[in-house]
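Structure first, commentary second.
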Amino acid sequence: MVGATGAVGSTMLGILRERAFPADEVVPFASERSAGRKIDWGEQDLPVQALSPESIQGFDIALFSAGGAISEAWAQQFADAGAVVVDNSSFWRMYEHVPLVVSEVNPEALDGHGGIVANPNCSTMQMVVALKPILDAVGIERLVISTYQSVSGTGQRAVEELHDQALAILEAKELPSPTVYPHQIAFNVVPQVERFKDGDDYTTEERKMMAETRKILGRQDIGISATCVRVPVYTGHSESINVQTREDLSPEECRELLSSAPGVVVIDDPGNGLYPLAIDAAGRDEVLVGRIRRDPSHERCLNLWVVGDNLRKGAATNAVQLAELLNERSLLRSAPAA
Ligand SMILES: NC(=O)c1ccc[n+]([C@@H]2O[C@H](COP(=O)([O-])OP(=O)(O)OC[C@H]3O[C@@H](n4cnc5c(N)ncnc54)[C@H](OP(=O)(O)O)[C@@H]3O)[C@@H](O)[C@H]2O)c1
């Protein structure tokens, strides 16, 4: 596992154990800074290793969560050494030969892998889990999305930044300058997730949501507009999604459809204060959906409120589920041909 000391990597290690992943051996990799550090693995501690041409030999599966630059530099090398890489970074996602896979949505895409499989962006992941049953039942023409994304989506340093700023404000101390985000995140709402690249007026996160959704769902014709917003929440991304369907779908039918969908839990009794909350989604693997209602401005539009744990289903859980599928379907490179 590459990036084992990070926010996603440490969650992935926990999920491997929770799901009793059938690994003979797990080796945590991180930067030189962490080399030699011990990671708790139940009965034993696992020593963190640094990446080198020698240390990456002999693996069946390599789970990557160390950022795009590390994936660019090392994923192909792991694949060349015989592993199948499941990569959490955005680096490989849009390459045509790399499957971009959500376990409940397009597991069949794993079949054609060439050694690297990409795990989608966290906000995209939870959204497509909720949208796939709707797409299959009535088709989707257009999506208008606004996200409310937690700081753990940026990694461990962002969690510390929110904590330090909030503490300083509550204790009336001098506010530390932001180093991760462009503005203060504590007690604030920032309409920028990632960067505005090359003068684009959409951020890279918004572009990812639009492009990855079309690739995963296999529908280039879906119109999508996304606004991604960072909020001072530790874990759990929330999303307001306006879905324009091809055929009519009532809120009742949508509720029923999603109630039996894999990986989805419907919580939708707003009169009694019951709807998905980030604090309820944190620590769970399912995507929570509620506030299902008609958009009064369009006869074939519904509004949904979709919440998921960005570190679990949004990253680590899906990566481990893909590793399970690769193993169960004999899609590892060391596996005998089926
Ligand atoms: N956070 C999320 O919700 C989320 C969701 C989906 C996808 N992702 C993606 O997952 C990746 C990791 O995100 P994160 O949130 O876990 O970040 P993070 O908390 O900052 O962790 C980064 C990890 O990368 C390791 N690393 C840094 N430089 C390295 C090097 N030269 N060689 C090997 N390892 C190195 C770090 O090790 P050290 O501890 O030694 O520095 C750490 O383990 C990113 O690509 C991110 O876009 C994140």
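Going through the structure tokens in order, the chains are called A, B, and so on, while each chain numbers its residues from 1 and the ligands are numbered from 1 in the order shown.
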
Contacts of ligand 1, 7 Å or closer, only C-alpha atoms and all ligand atoms, given as a ChimeraX atom specification = /A:2-9,29-34,50-51,65-68,70,88-90,120-122,152-157,310-311,314-315

Among region 94-282 of chain A, which ones does DSSP assign to alpha helix (DSSP H) (computed from the backbone)? Answer as a PDB file with N, CA, C and O atoms, in the first residue's frame.
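Saved result, part-v3.pdb, follows:
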```pdb
ATOM      1  N   CYS A 122     -13.747  11.356  -4.964  1.00  0.00           N
ATOM      2  CA  CYS A 122     -14.686  11.039  -3.870  1.00  0.00           C
ATOM      3  C   CYS A 122     -16.101  11.589  -4.098  1.00  0.00           C
ATOM      4  O   CYS A 122     -17.095  10.886  -3.861  1.00  0.00           O
ATOM      5  N   SER A 123     -16.221  12.823  -4.557  1.00  0.00           N
ATOM      6  CA  SER A 123     -17.570  13.380  -4.727  1.00  0.00           C
ATOM      7  C   SER A 123     -18.301  12.716  -5.895  1.00  0.00           C
ATOM      8  O   SER A 123     -19.522  12.541  -5.862  1.00  0.00           O
ATOM      9  N   THR A 124     -17.540  12.325  -6.916  1.00  0.00           N
ATOM     10  CA  THR A 124     -18.134  11.614  -8.050  1.00  0.00           C
ATOM     11  C   THR A 124     -18.610  10.227  -7.605  1.00  0.00           C
ATOM     12  O   THR A 124     -19.700   9.779  -7.967  1.00  0.00           O
ATOM     13  N   MET A 125     -17.749   9.570  -6.828  1.00  0.00           N
ATOM     14  CA  MET A 125     -18.032   8.180  -6.413  1.00  0.00           C
ATOM     15  C   MET A 125     -19.384   8.065  -5.737  1.00  0.00           C
ATOM     16  O   MET A 125     -20.231   7.257  -6.129  1.00  0.00           O
ATOM     17  N   GLN A 126     -19.608   8.868  -4.702  1.00  0.00           N
ATOM     18  CA  GLN A 126     -20.867   8.719  -3.946  1.00  0.00           C
ATOM     19  C   GLN A 126     -22.059   9.097  -4.821  1.00  0.00           C
ATOM     20  O   GLN A 126     -23.132   8.517  -4.711  1.00  0.00           O
ATOM     21  N   MET A 127     -21.868  10.062  -5.720  1.00  0.00           N
ATOM     22  CA  MET A 127     -22.981  10.486  -6.569  1.00  0.00           C
ATOM     23  C   MET A 127     -23.397   9.377  -7.539  1.00  0.00           C
ATOM     24  O   MET A 127     -24.598   9.093  -7.687  1.00  0.00           O
ATOM     25  N   VAL A 128     -22.427   8.716  -8.187  1.00  0.00           N
ATOM     26  CA  VAL A 128     -22.815   7.721  -9.191  1.00  0.00           C
ATOM     27  C   VAL A 128     -23.422   6.472  -8.553  1.00  0.00           C
ATOM     28  O   VAL A 128     -24.238   5.798  -9.181  1.00  0.00           O
ATOM     29  N   VAL A 129     -23.063   6.193  -7.290  1.00  0.00           N
ATOM     30  CA  VAL A 129     -23.710   5.065  -6.604  1.00  0.00           C
ATOM     31  C   VAL A 129     -25.219   5.340  -6.507  1.00  0.00           C
ATOM     32  O   VAL A 129     -26.051   4.469  -6.739  1.00  0.00           O
ATOM     33  N   ALA A 130     -25.576   6.608  -6.219  1.00  0.00           N
ATOM     34  CA  ALA A 130     -26.999   6.967  -6.099  1.00  0.00           C
ATOM     35  C   ALA A 130     -27.671   7.126  -7.464  1.00  0.00           C
ATOM     36  O   ALA A 130     -28.880   6.895  -7.583  1.00  0.00           O
ATOM     37  N   LEU A 131     -26.896   7.497  -8.481  1.00  0.00           N
ATOM     38  CA  LEU A 131     -27.517   7.779  -9.789  1.00  0.00           C
ATOM     39  C   LEU A 131     -27.697   6.557 -10.673  1.00  0.00           C
ATOM     40  O   LEU A 131     -28.578   6.535 -11.535  1.00  0.00           O
ATOM     41  N   LYS A 132     -26.857   5.544 -10.488  1.00  0.00           N
ATOM     42  CA  LYS A 132     -26.893   4.394 -11.417  1.00  0.00           C
ATOM     43  C   LYS A 132     -28.274   3.746 -11.489  1.00  0.00           C
ATOM     44  O   LYS A 132     -28.769   3.473 -12.597  1.00  0.00           O
ATOM     45  N   PRO A 133     -28.950   3.499 -10.362  1.00  0.00           N
ATOM     46  CA  PRO A 133     -30.283   2.882 -10.464  1.00  0.00           C
ATOM     47  C   PRO A 133     -31.269   3.773 -11.230  1.00  0.00           C
ATOM     48  O   PRO A 133     -32.136   3.268 -11.945  1.00  0.00           O
ATOM     49  N   ILE A 134     -31.124   5.075 -11.091  1.00  0.00           N
ATOM     50  CA  ILE A 134     -32.015   6.004 -11.806  1.00  0.00           C
ATOM     51  C   ILE A 134     -31.703   5.962 -13.299  1.00  0.00           C
ATOM     52  O   ILE A 134     -32.607   5.891 -14.145  1.00  0.00           O
ATOM     53  N   LEU A 135     -30.418   5.943 -13.622  1.00  0.00           N
ATOM     54  CA  LEU A 135     -30.006   5.873 -15.035  1.00  0.00           C
ATOM     55  C   LEU A 135     -30.574   4.611 -15.681  1.00  0.00           C
ATOM     56  O   LEU A 135     -31.142   4.654 -16.774  1.00  0.00           O
ATOM     57  N   ASP A 136     -30.421   3.481 -14.982  1.00  0.00           N
ATOM     58  CA  ASP A 136     -30.892   2.210 -15.556  1.00  0.00           C
ATOM     59  C   ASP A 136     -32.407   2.195 -15.717  1.00  0.00           C
ATOM     60  O   ASP A 136     -32.930   1.620 -16.664  1.00  0.00           O
ATOM     61  N   ALA A 137     -33.123   2.818 -14.785  1.00  0.00           N
ATOM     62  CA  ALA A 137     -34.595   2.739 -14.811  1.00  0.00           C
ATOM     63  C   ALA A 137     -35.209   3.725 -15.808  1.00  0.00           C
ATOM     64  O   ALA A 137     -36.111   3.362 -16.560  1.00  0.00           O
ATOM     65  N   VAL A 138     -34.750   4.953 -15.815  1.00  0.00           N
ATOM     66  CA  VAL A 138     -35.455   5.972 -16.616  1.00  0.00           C
ATOM     67  C   VAL A 138     -34.524   6.859 -17.452  1.00  0.00           C
ATOM     68  O   VAL A 138     -34.993   7.765 -18.145  1.00  0.00           O
ATOM     69  N   GLN A 156      -4.652  14.797   5.416  1.00  0.00           N
ATOM     70  CA  GLN A 156      -4.400  14.957   6.848  1.00  0.00           C
ATOM     71  C   GLN A 156      -4.062  16.395   7.246  1.00  0.00           C
ATOM     72  O   GLN A 156      -4.509  16.897   8.271  1.00  0.00           O
ATOM     73  N   ARG A 157      -3.295  17.087   6.406  1.00  0.00           N
ATOM     74  CA  ARG A 157      -2.883  18.458   6.762  1.00  0.00           C
ATOM     75  C   ARG A 157      -4.079  19.400   6.814  1.00  0.00           C
ATOM     76  O   ARG A 157      -4.114  20.351   7.600  1.00  0.00           O
ATOM     77  N   ALA A 158      -5.074  19.153   5.996  1.00  0.00           N
ATOM     78  CA  ALA A 158      -6.262  20.018   5.976  1.00  0.00           C
ATOM     79  C   ALA A 158      -7.105  19.805   7.235  1.00  0.00           C
ATOM     80  O   ALA A 158      -7.700  20.747   7.771  1.00  0.00           O
ATOM     81  N   VAL A 159      -7.146  18.576   7.714  1.00  0.00           N
ATOM     82  CA  VAL A 159      -7.872  18.281   8.959  1.00  0.00           C
ATOM     83  C   VAL A 159      -7.229  19.070  10.104  1.00  0.00           C
ATOM     84  O   VAL A 159      -7.909  19.694  10.926  1.00  0.00           O
ATOM     85  N   GLU A 160      -5.890  19.063  10.111  1.00  0.00           N
ATOM     86  CA  GLU A 160      -5.170  19.799  11.160  1.00  0.00           C
ATOM     87  C   GLU A 160      -5.399  21.311  11.018  1.00  0.00           C
ATOM     88  O   GLU A 160      -5.540  22.018  12.012  1.00  0.00           O
ATOM     89  N   GLU A 161      -5.469  21.791   9.778  1.00  0.00           N
ATOM     90  CA  GLU A 161      -5.682  23.232   9.561  1.00  0.00           C
ATOM     91  C   GLU A 161      -7.043  23.669  10.117  1.00  0.00           C
ATOM     92  O   GLU A 161      -7.151  24.693  10.803  1.00  0.00           O
ATOM     93  N   LEU A 162      -8.085  22.902   9.847  1.00  0.00           N
ATOM     94  CA  LEU A 162      -9.409  23.244  10.386  1.00  0.00           C
ATOM     95  C   LEU A 162      -9.378  23.212  11.913  1.00  0.00           C
ATOM     96  O   LEU A 162      -9.879  24.130  12.590  1.00  0.00           O
ATOM     97  N   HIS A 163      -8.773  22.170  12.460  1.00  0.00           N
ATOM     98  CA  HIS A 163      -8.699  22.016  13.917  1.00  0.00           C
ATOM     99  C   HIS A 163      -7.979  23.206  14.553  1.00  0.00           C
ATOM    100  O   HIS A 163      -8.473  23.822  15.504  1.00  0.00           O
ATOM    101  N   ASP A 164      -6.811  23.557  14.002  1.00  0.00           N
ATOM    102  CA  ASP A 164      -5.998  24.625  14.590  1.00  0.00           C
ATOM    103  C   ASP A 164      -6.702  25.974  14.493  1.00  0.00           C
ATOM    104  O   ASP A 164      -6.676  26.780  15.434  1.00  0.00           O
ATOM    105  N   GLN A 165      -7.346  26.228  13.351  1.00  0.00           N
ATOM    106  CA  GLN A 165      -8.043  27.514  13.186  1.00  0.00           C
ATOM    107  C   GLN A 165      -9.249  27.592  14.140  1.00  0.00           C
ATOM    108  O   GLN A 165      -9.485  28.621  14.783  1.00  0.00           O
ATOM    109  N   ALA A 166     -10.009  26.504  14.222  1.00  0.00           N
ATOM    110  CA  ALA A 166     -11.207  26.509  15.076  1.00  0.00           C
ATOM    111  C   ALA A 166     -10.820  26.724  16.536  1.00  0.00           C
ATOM    112  O   ALA A 166     -11.441  27.519  17.258  1.00  0.00           O
ATOM    113  N   LEU A 167      -9.748  26.032  16.942  1.00  0.00           N
ATOM    114  CA  LEU A 167      -9.285  26.156  18.328  1.00  0.00           C
ATOM    115  C   LEU A 167      -8.844  27.592  18.615  1.00  0.00           C
ATOM    116  O   LEU A 167      -9.201  28.179  19.651  1.00  0.00           O
ATOM    117  N   ALA A 168      -8.094  28.182  17.671  1.00  0.00           N
ATOM    118  CA  ALA A 168      -7.601  29.553  17.869  1.00  0.00           C
ATOM    119  C   ALA A 168      -8.788  30.519  17.997  1.00  0.00           C
ATOM    120  O   ALA A 168      -8.791  31.400  18.864  1.00  0.00           O
ATOM    121  N   ILE A 169      -9.792  30.336  17.161  1.00  0.00           N
ATOM    122  CA  ILE A 169     -10.943  31.242  17.210  1.00  0.00           C
ATOM    123  C   ILE A 169     -11.693  31.073  18.532  1.00  0.00           C
ATOM    124  O   ILE A 169     -12.025  32.048  19.211  1.00  0.00           O
ATOM    125  N   LEU A 170     -11.920  29.829  18.934  1.00  0.00           N
ATOM    126  CA  LEU A 170     -12.680  29.591  20.170  1.00  0.00           C
ATOM    127  C   LEU A 170     -11.921  30.080  21.400  1.00  0.00           C
ATOM    128  O   LEU A 170     -12.518  30.491  22.388  1.00  0.00           O
ATOM    129  N   THR A 204     -10.619  22.334 -10.940  1.00  0.00           N
ATOM    130  CA  THR A 204     -10.232  20.994 -11.384  1.00  0.00           C
ATOM    131  C   THR A 204     -11.158  19.937 -10.762  1.00  0.00           C
ATOM    132  O   THR A 204     -11.471  18.940 -11.394  1.00  0.00           O
ATOM    133  N   GLU A 205     -11.624  20.160  -9.527  1.00  0.00           N
ATOM    134  CA  GLU A 205     -12.555  19.210  -8.895  1.00  0.00           C
ATOM    135  C   GLU A 205     -13.872  19.164  -9.682  1.00  0.00           C
ATOM    136  O   GLU A 205     -14.432  18.106  -9.937  1.00  0.00           O
ATOM    137  N   GLU A 206     -14.363  20.337 -10.068  1.00  0.00           N
ATOM    138  CA  GLU A 206     -15.617  20.393 -10.829  1.00  0.00           C
ATOM    139  C   GLU A 206     -15.456  19.721 -12.191  1.00  0.00           C
ATOM    140  O   GLU A 206     -16.335  18.961 -12.629  1.00  0.00           O
ATOM    141  N   ARG A 207     -14.339  19.946 -12.841  1.00  0.00           N
ATOM    142  CA  ARG A 207     -14.076  19.289 -14.138  1.00  0.00           C
ATOM    143  C   ARG A 207     -14.017  17.777 -13.965  1.00  0.00           C
ATOM    144  O   ARG A 207     -14.502  17.020 -14.783  1.00  0.00           O
ATOM    145  N   LYS A 208     -13.386  17.330 -12.844  1.00  0.00           N
ATOM    146  CA  LYS A 208     -13.299  15.885 -12.595  1.00  0.00           C
ATOM    147  C   LYS A 208     -14.691  15.288 -12.446  1.00  0.00           C
ATOM    148  O   LYS A 208     -15.002  14.255 -13.026  1.00  0.00           O
ATOM    149  N   MET A 209     -15.543  15.967 -11.652  1.00  0.00           N
ATOM    150  CA  MET A 209     -16.906  15.443 -11.443  1.00  0.00           C
ATOM    151  C   MET A 209     -17.630  15.286 -12.772  1.00  0.00           C
ATOM    152  O   MET A 209     -18.316  14.297 -13.018  1.00  0.00           O
ATOM    153  N   MET A 210     -17.471  16.248 -13.638  1.00  0.00           N
ATOM    154  CA  MET A 210     -18.200  16.212 -14.909  1.00  0.00           C
ATOM    155  C   MET A 210     -17.656  15.101 -15.820  1.00  0.00           C
ATOM    156  O   MET A 210     -18.396  14.296 -16.355  1.00  0.00           O
ATOM    157  N   ALA A 211     -16.308  15.053 -15.943  1.00  0.00           N
ATOM    158  CA  ALA A 211     -15.710  14.086 -16.870  1.00  0.00           C
ATOM    159  C   ALA A 211     -15.806  12.650 -16.334  1.00  0.00           C
ATOM    160  O   ALA A 211     -16.121  11.714 -17.068  1.00  0.00           O
ATOM    161  N   GLU A 212     -15.522  12.476 -15.031  1.00  0.00           N
ATOM    162  CA  GLU A 212     -15.504  11.113 -14.481  1.00  0.00           C
ATOM    163  C   GLU A 212     -16.905  10.511 -14.458  1.00  0.00           C
ATOM    164  O   GLU A 212     -17.087   9.313 -14.695  1.00  0.00           O
ATOM    165  N   THR A 213     -17.907  11.330 -14.173  1.00  0.00           N
ATOM    166  CA  THR A 213     -19.279  10.811 -14.139  1.00  0.00           C
ATOM    167  C   THR A 213     -19.649  10.234 -15.500  1.00  0.00           C
ATOM    168  O   THR A 213     -20.200   9.125 -15.600  1.00  0.00           O
ATOM    169  N   ARG A 214     -19.308  10.953 -16.559  1.00  0.00           N
ATOM    170  CA  ARG A 214     -19.635  10.467 -17.914  1.00  0.00           C
ATOM    171  C   ARG A 214     -18.868   9.184 -18.226  1.00  0.00           C
ATOM    172  O   ARG A 214     -19.412   8.262 -18.816  1.00  0.00           O
ATOM    173  N   LYS A 215     -17.601   9.117 -17.816  1.00  0.00           N
ATOM    174  CA  LYS A 215     -16.806   7.910 -18.121  1.00  0.00           C
ATOM    175  C   LYS A 215     -17.349   6.694 -17.359  1.00  0.00           C
ATOM    176  O   LYS A 215     -17.518   5.627 -17.926  1.00  0.00           O
ATOM    177  N   ILE A 216     -17.649   6.877 -16.063  1.00  0.00           N
ATOM    178  CA  ILE A 216     -18.106   5.728 -15.260  1.00  0.00           C
ATOM    179  C   ILE A 216     -19.466   5.242 -15.753  1.00  0.00           C
ATOM    180  O   ILE A 216     -19.707   4.047 -15.875  1.00  0.00           O
ATOM    181  N   LEU A 217     -20.359   6.189 -16.035  1.00  0.00           N
ATOM    182  CA  LEU A 217     -21.710   5.802 -16.464  1.00  0.00           C
ATOM    183  C   LEU A 217     -21.742   5.424 -17.947  1.00  0.00           C
ATOM    184  O   LEU A 217     -22.757   4.921 -18.439  1.00  0.00           O
ATOM    185  N   PRO A 251     -41.104  11.026  -7.041  1.00  0.00           N
ATOM    186  CA  PRO A 251     -40.282  10.894  -5.832  1.00  0.00           C
ATOM    187  C   PRO A 251     -40.510   9.559  -5.126  1.00  0.00           C
ATOM    188  O   PRO A 251     -39.562   8.942  -4.632  1.00  0.00           O
ATOM    189  N   GLU A 252     -41.769   9.083  -5.130  1.00  0.00           N
ATOM    190  CA  GLU A 252     -42.079   7.800  -4.470  1.00  0.00           C
ATOM    191  C   GLU A 252     -41.345   6.657  -5.187  1.00  0.00           C
ATOM    192  O   GLU A 252     -40.747   5.782  -4.560  1.00  0.00           O
ATOM    193  N   GLU A 253     -41.417   6.667  -6.532  1.00  0.00           N
ATOM    194  CA  GLU A 253     -40.741   5.611  -7.305  1.00  0.00           C
ATOM    195  C   GLU A 253     -39.223   5.689  -7.105  1.00  0.00           C
ATOM    196  O   GLU A 253     -38.546   4.660  -7.006  1.00  0.00           O
ATOM    197  N   CYS A 254     -38.701   6.901  -7.030  1.00  0.00           N
ATOM    198  CA  CYS A 254     -37.256   7.082  -6.842  1.00  0.00           C
ATOM    199  C   CYS A 254     -36.840   6.529  -5.481  1.00  0.00           C
ATOM    200  O   CYS A 254     -35.833   5.817  -5.360  1.00  0.00           O
ATOM    201  N   ARG A 255     -37.648   6.823  -4.467  1.00  0.00           N
ATOM    202  CA  ARG A 255     -37.364   6.332  -3.110  1.00  0.00           C
ATOM    203  C   ARG A 255     -37.328   4.804  -3.093  1.00  0.00           C
ATOM    204  O   ARG A 255     -36.442   4.177  -2.519  1.00  0.00           O
ATOM    205  N   GLU A 256     -38.300   4.208  -3.779  1.00  0.00           N
ATOM    206  CA  GLU A 256     -38.399   2.742  -3.820  1.00  0.00           C
ATOM    207  C   GLU A 256     -37.194   2.147  -4.563  1.00  0.00           C
ATOM    208  O   GLU A 256     -36.589   1.180  -4.108  1.00  0.00           O
ATOM    209  N   LEU A 257     -36.875   2.770  -5.678  1.00  0.00           N
ATOM    210  CA  LEU A 257     -35.742   2.314  -6.495  1.00  0.00           C
ATOM    211  C   LEU A 257     -34.447   2.333  -5.680  1.00  0.00           C
ATOM    212  O   LEU A 257     -33.690   1.359  -5.644  1.00  0.00           O
ATOM    213  N   LEU A 258     -34.217   3.449  -4.994  1.00  0.00           N
ATOM    214  CA  LEU A 258     -32.957   3.605  -4.266  1.00  0.00           C
ATOM    215  C   LEU A 258     -32.937   2.758  -2.998  1.00  0.00           C
ATOM    216  O   LEU A 258     -31.864   2.371  -2.527  1.00  0.00           O
ATOM    217  N   SER A 259     -34.133   2.457  -2.454  1.00  0.00           N
ATOM    218  CA  SER A 259     -34.174   1.646  -1.221  1.00  0.00           C
ATOM    219  C   SER A 259     -33.619   0.252  -1.458  1.00  0.00           C
ATOM    220  O   SER A 259     -33.112  -0.379  -0.529  1.00  0.00           O
ATOM    221  N   ALA A 278     -23.803  14.611   7.364  1.00  0.00           N
ATOM    222  CA  ALA A 278     -22.394  14.223   7.230  1.00  0.00           C
ATOM    223  C   ALA A 278     -21.925  13.438   8.449  1.00  0.00           C
ATOM    224  O   ALA A 278     -21.222  12.433   8.320  1.00  0.00           O
ATOM    225  N   ILE A 279     -22.341  13.874   9.635  1.00  0.00           N
ATOM    226  CA  ILE A 279     -21.860  13.186  10.843  1.00  0.00           C
ATOM    227  C   ILE A 279     -22.420  11.763  10.947  1.00  0.00           C
ATOM    228  O   ILE A 279     -21.844  10.921  11.616  1.00  0.00           O
ATOM    229  N   ASP A 280     -23.551  11.505  10.282  1.00  0.00           N
ATOM    230  CA  ASP A 280     -24.088  10.135  10.278  1.00  0.00           C
ATOM    231  C   ASP A 280     -23.409   9.274   9.220  1.00  0.00           C
ATOM    232  O   ASP A 280     -23.283   8.055   9.368  1.00  0.00           O
ATOM    233  N   ALA A 281     -23.022   9.913   8.109  1.00  0.00           N
ATOM    234  CA  ALA A 281     -22.372   9.153   7.029  1.00  0.00           C
ATOM    235  C   ALA A 281     -20.942   8.776   7.408  1.00  0.00           C
ATOM    236  O   ALA A 281     -20.433   7.735   6.976  1.00  0.00           O
TER     237      ALA A 281
END
```

Contacts of Ile61 (chain A) at 8 Å (only C-alpha atoms; same-chain gap of 6+ positions) as a short mmCIF file (atom, residue, chain, number, x, y, z; two decimals) with N, CA, C and O atoms, in the first residue's frame:
```cif
data_model
loop_
_atom_site.label_atom_id
_atom_site.label_comp_id
_atom_site.auth_asym_id
_atom_site.auth_seq_id
_atom_site.Cartn_x
_atom_site.Cartn_y
_atom_site.Cartn_z
N ALA A 83 2.18 -6.37 -10.49
CA ALA A 83 1.02 -6.06 -9.63
C ALA A 83 -0.11 -5.45 -10.47
O ALA A 83 0.12 -4.93 -11.56
N VAL A 84 -1.32 -5.53 -9.94
CA VAL A 84 -2.40 -4.68 -10.46
C VAL A 84 -2.51 -3.52 -9.49
O VAL A 84 -2.65 -3.71 -8.28
N VAL A 85 -2.43 -2.31 -10.04
CA VAL A 85 -2.48 -1.10 -9.22
C VAL A 85 -3.93 -0.60 -9.16
O VAL A 85 -4.60 -0.50 -10.19
N VAL A 86 -4.40 -0.32 -7.94
CA VAL A 86 -5.69 0.39 -7.78
C VAL A 86 -5.31 1.77 -7.26
O VAL A 86 -4.82 1.91 -6.14
N ALA A 323 -10.12 -4.33 -5.20
CA ALA A 323 -9.10 -5.37 -4.97
C ALA A 323 -9.79 -6.72 -4.75
O ALA A 323 -9.34 -7.76 -5.28
N LEU A 332 -6.13 -10.92 -11.30
CA LEU A 332 -4.77 -10.55 -10.92
C LEU A 332 -3.82 -11.14 -11.96
O LEU A 332 -4.14 -12.16 -12.59
#
```

Residues within 9 Å of Gln244 (chain A), only C-alpha atoms, excluding chain neighbours under 3 positions, as a PyMOL selection string | chain A and resi 139-144+247+298-303

Output N, CA, C and O atoms for every residue in the selection just made, as a PDB file, in the first residue's frame.
```
ATOM      1  N   GLY A 139     -33.231   6.618 -17.416  1.00  0.00           N
ATOM      2  CA  GLY A 139     -32.288   7.449 -18.169  1.00  0.00           C
ATOM      3  C   GLY A 139     -32.061   8.790 -17.490  1.00  0.00           C
ATOM      4  O   GLY A 139     -32.883   9.237 -16.691  1.00  0.00           O
ATOM      5  N   ILE A 140     -30.921   9.396 -17.787  1.00  0.00           N
ATOM      6  CA  ILE A 140     -30.595  10.716 -17.224  1.00  0.00           C
ATOM      7  C   ILE A 140     -30.152  11.635 -18.369  1.00  0.00           C
ATOM      8  O   ILE A 140     -29.323  11.254 -19.198  1.00  0.00           O
ATOM      9  N   GLU A 141     -30.753  12.825 -18.406  1.00  0.00           N
ATOM     10  CA  GLU A 141     -30.384  13.803 -19.446  1.00  0.00           C
ATOM     11  C   GLU A 141     -29.391  14.835 -18.926  1.00  0.00           C
ATOM     12  O   GLU A 141     -28.509  15.274 -19.639  1.00  0.00           O
ATOM     13  N   ARG A 142     -29.588  15.231 -17.649  1.00  0.00           N
ATOM     14  CA  ARG A 142     -28.817  16.387 -17.181  1.00  0.00           C
ATOM     15  C   ARG A 142     -28.697  16.360 -15.661  1.00  0.00           C
ATOM     16  O   ARG A 142     -29.634  15.917 -14.974  1.00  0.00           O
ATOM     17  N   LEU A 143     -27.568  16.847 -15.152  1.00  0.00           N
ATOM     18  CA  LEU A 143     -27.336  16.925 -13.706  1.00  0.00           C
ATOM     19  C   LEU A 143     -26.832  18.315 -13.348  1.00  0.00           C
ATOM     20  O   LEU A 143     -25.926  18.829 -14.014  1.00  0.00           O
ATOM     21  N   VAL A 144     -27.406  18.893 -12.297  1.00  0.00           N
ATOM     22  CA  VAL A 144     -26.856  20.144 -11.752  1.00  0.00           C
ATOM     23  C   VAL A 144     -26.510  19.843 -10.291  1.00  0.00           C
ATOM     24  O   VAL A 144     -27.379  19.465  -9.493  1.00  0.00           O
ATOM     25  N   GLU A 247     -37.273   9.701 -18.805  1.00  0.00           N
ATOM     26  CA  GLU A 247     -38.687   9.375 -18.606  1.00  0.00           C
ATOM     27  C   GLU A 247     -39.084   9.829 -17.216  1.00  0.00           C
ATOM     28  O   GLU A 247     -38.235  10.056 -16.363  1.00  0.00           O
ATOM     29  N   HIS A 298     -39.513  21.896 -13.307  1.00  0.00           N
ATOM     30  CA  HIS A 298     -39.355  21.024 -14.482  1.00  0.00           C
ATOM     31  C   HIS A 298     -40.055  19.699 -14.210  1.00  0.00           C
ATOM     32  O   HIS A 298     -39.826  19.082 -13.170  1.00  0.00           O
ATOM     33  N   GLU A 299     -40.851  19.240 -15.177  1.00  0.00           N
ATOM     34  CA  GLU A 299     -41.676  18.043 -14.934  1.00  0.00           C
ATOM     35  C   GLU A 299     -40.875  16.747 -14.788  1.00  0.00           C
ATOM     36  O   GLU A 299     -41.350  15.780 -14.196  1.00  0.00           O
ATOM     37  N   ARG A 300     -39.645  16.711 -15.354  1.00  0.00           N
ATOM     38  CA  ARG A 300     -38.865  15.470 -15.226  1.00  0.00           C
ATOM     39  C   ARG A 300     -37.588  15.684 -14.404  1.00  0.00           C
ATOM     40  O   ARG A 300     -36.569  15.046 -14.650  1.00  0.00           O
ATOM     41  N   CYS A 301     -37.660  16.563 -13.416  1.00  0.00           N
ATOM     42  CA  CYS A 301     -36.499  16.799 -12.549  1.00  0.00           C
ATOM     43  C   CYS A 301     -36.811  16.455 -11.097  1.00  0.00           C
ATOM     44  O   CYS A 301     -37.882  16.798 -10.592  1.00  0.00           O
ATOM     45  N   LEU A 302     -35.854  15.793 -10.473  1.00  0.00           N
ATOM     46  CA  LEU A 302     -35.947  15.529  -9.034  1.00  0.00           C
ATOM     47  C   LEU A 302     -34.747  16.170  -8.350  1.00  0.00           C
ATOM     48  O   LEU A 302     -33.675  16.313  -8.957  1.00  0.00           O
ATOM     49  N   ASN A 303     -34.926  16.521  -7.092  1.00  0.00           N
ATOM     50  CA  ASN A 303     -33.801  16.956  -6.265  1.00  0.00           C
ATOM     51  C   ASN A 303     -33.472  15.864  -5.251  1.00  0.00           C
ATOM     52  O   ASN A 303     -34.384  15.268  -4.666  1.00  0.00           O
TER      53      ASN A 303
END
```

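The closest residue to Leu46 (chain A), picked from A:Asp200, A:Glu239, A:Glu104, A:Glu25 and counting only C-alpha atoms, is A:Glu25.
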
Which polymer residues have any atom within 6 Å of an atom of Ser150 (chain A), counting only C-alpha atoms, with same-chain residues fewer than 3 positions away left out, as a VMD selection string?
-> chain A and resid 153 231 233 to 237
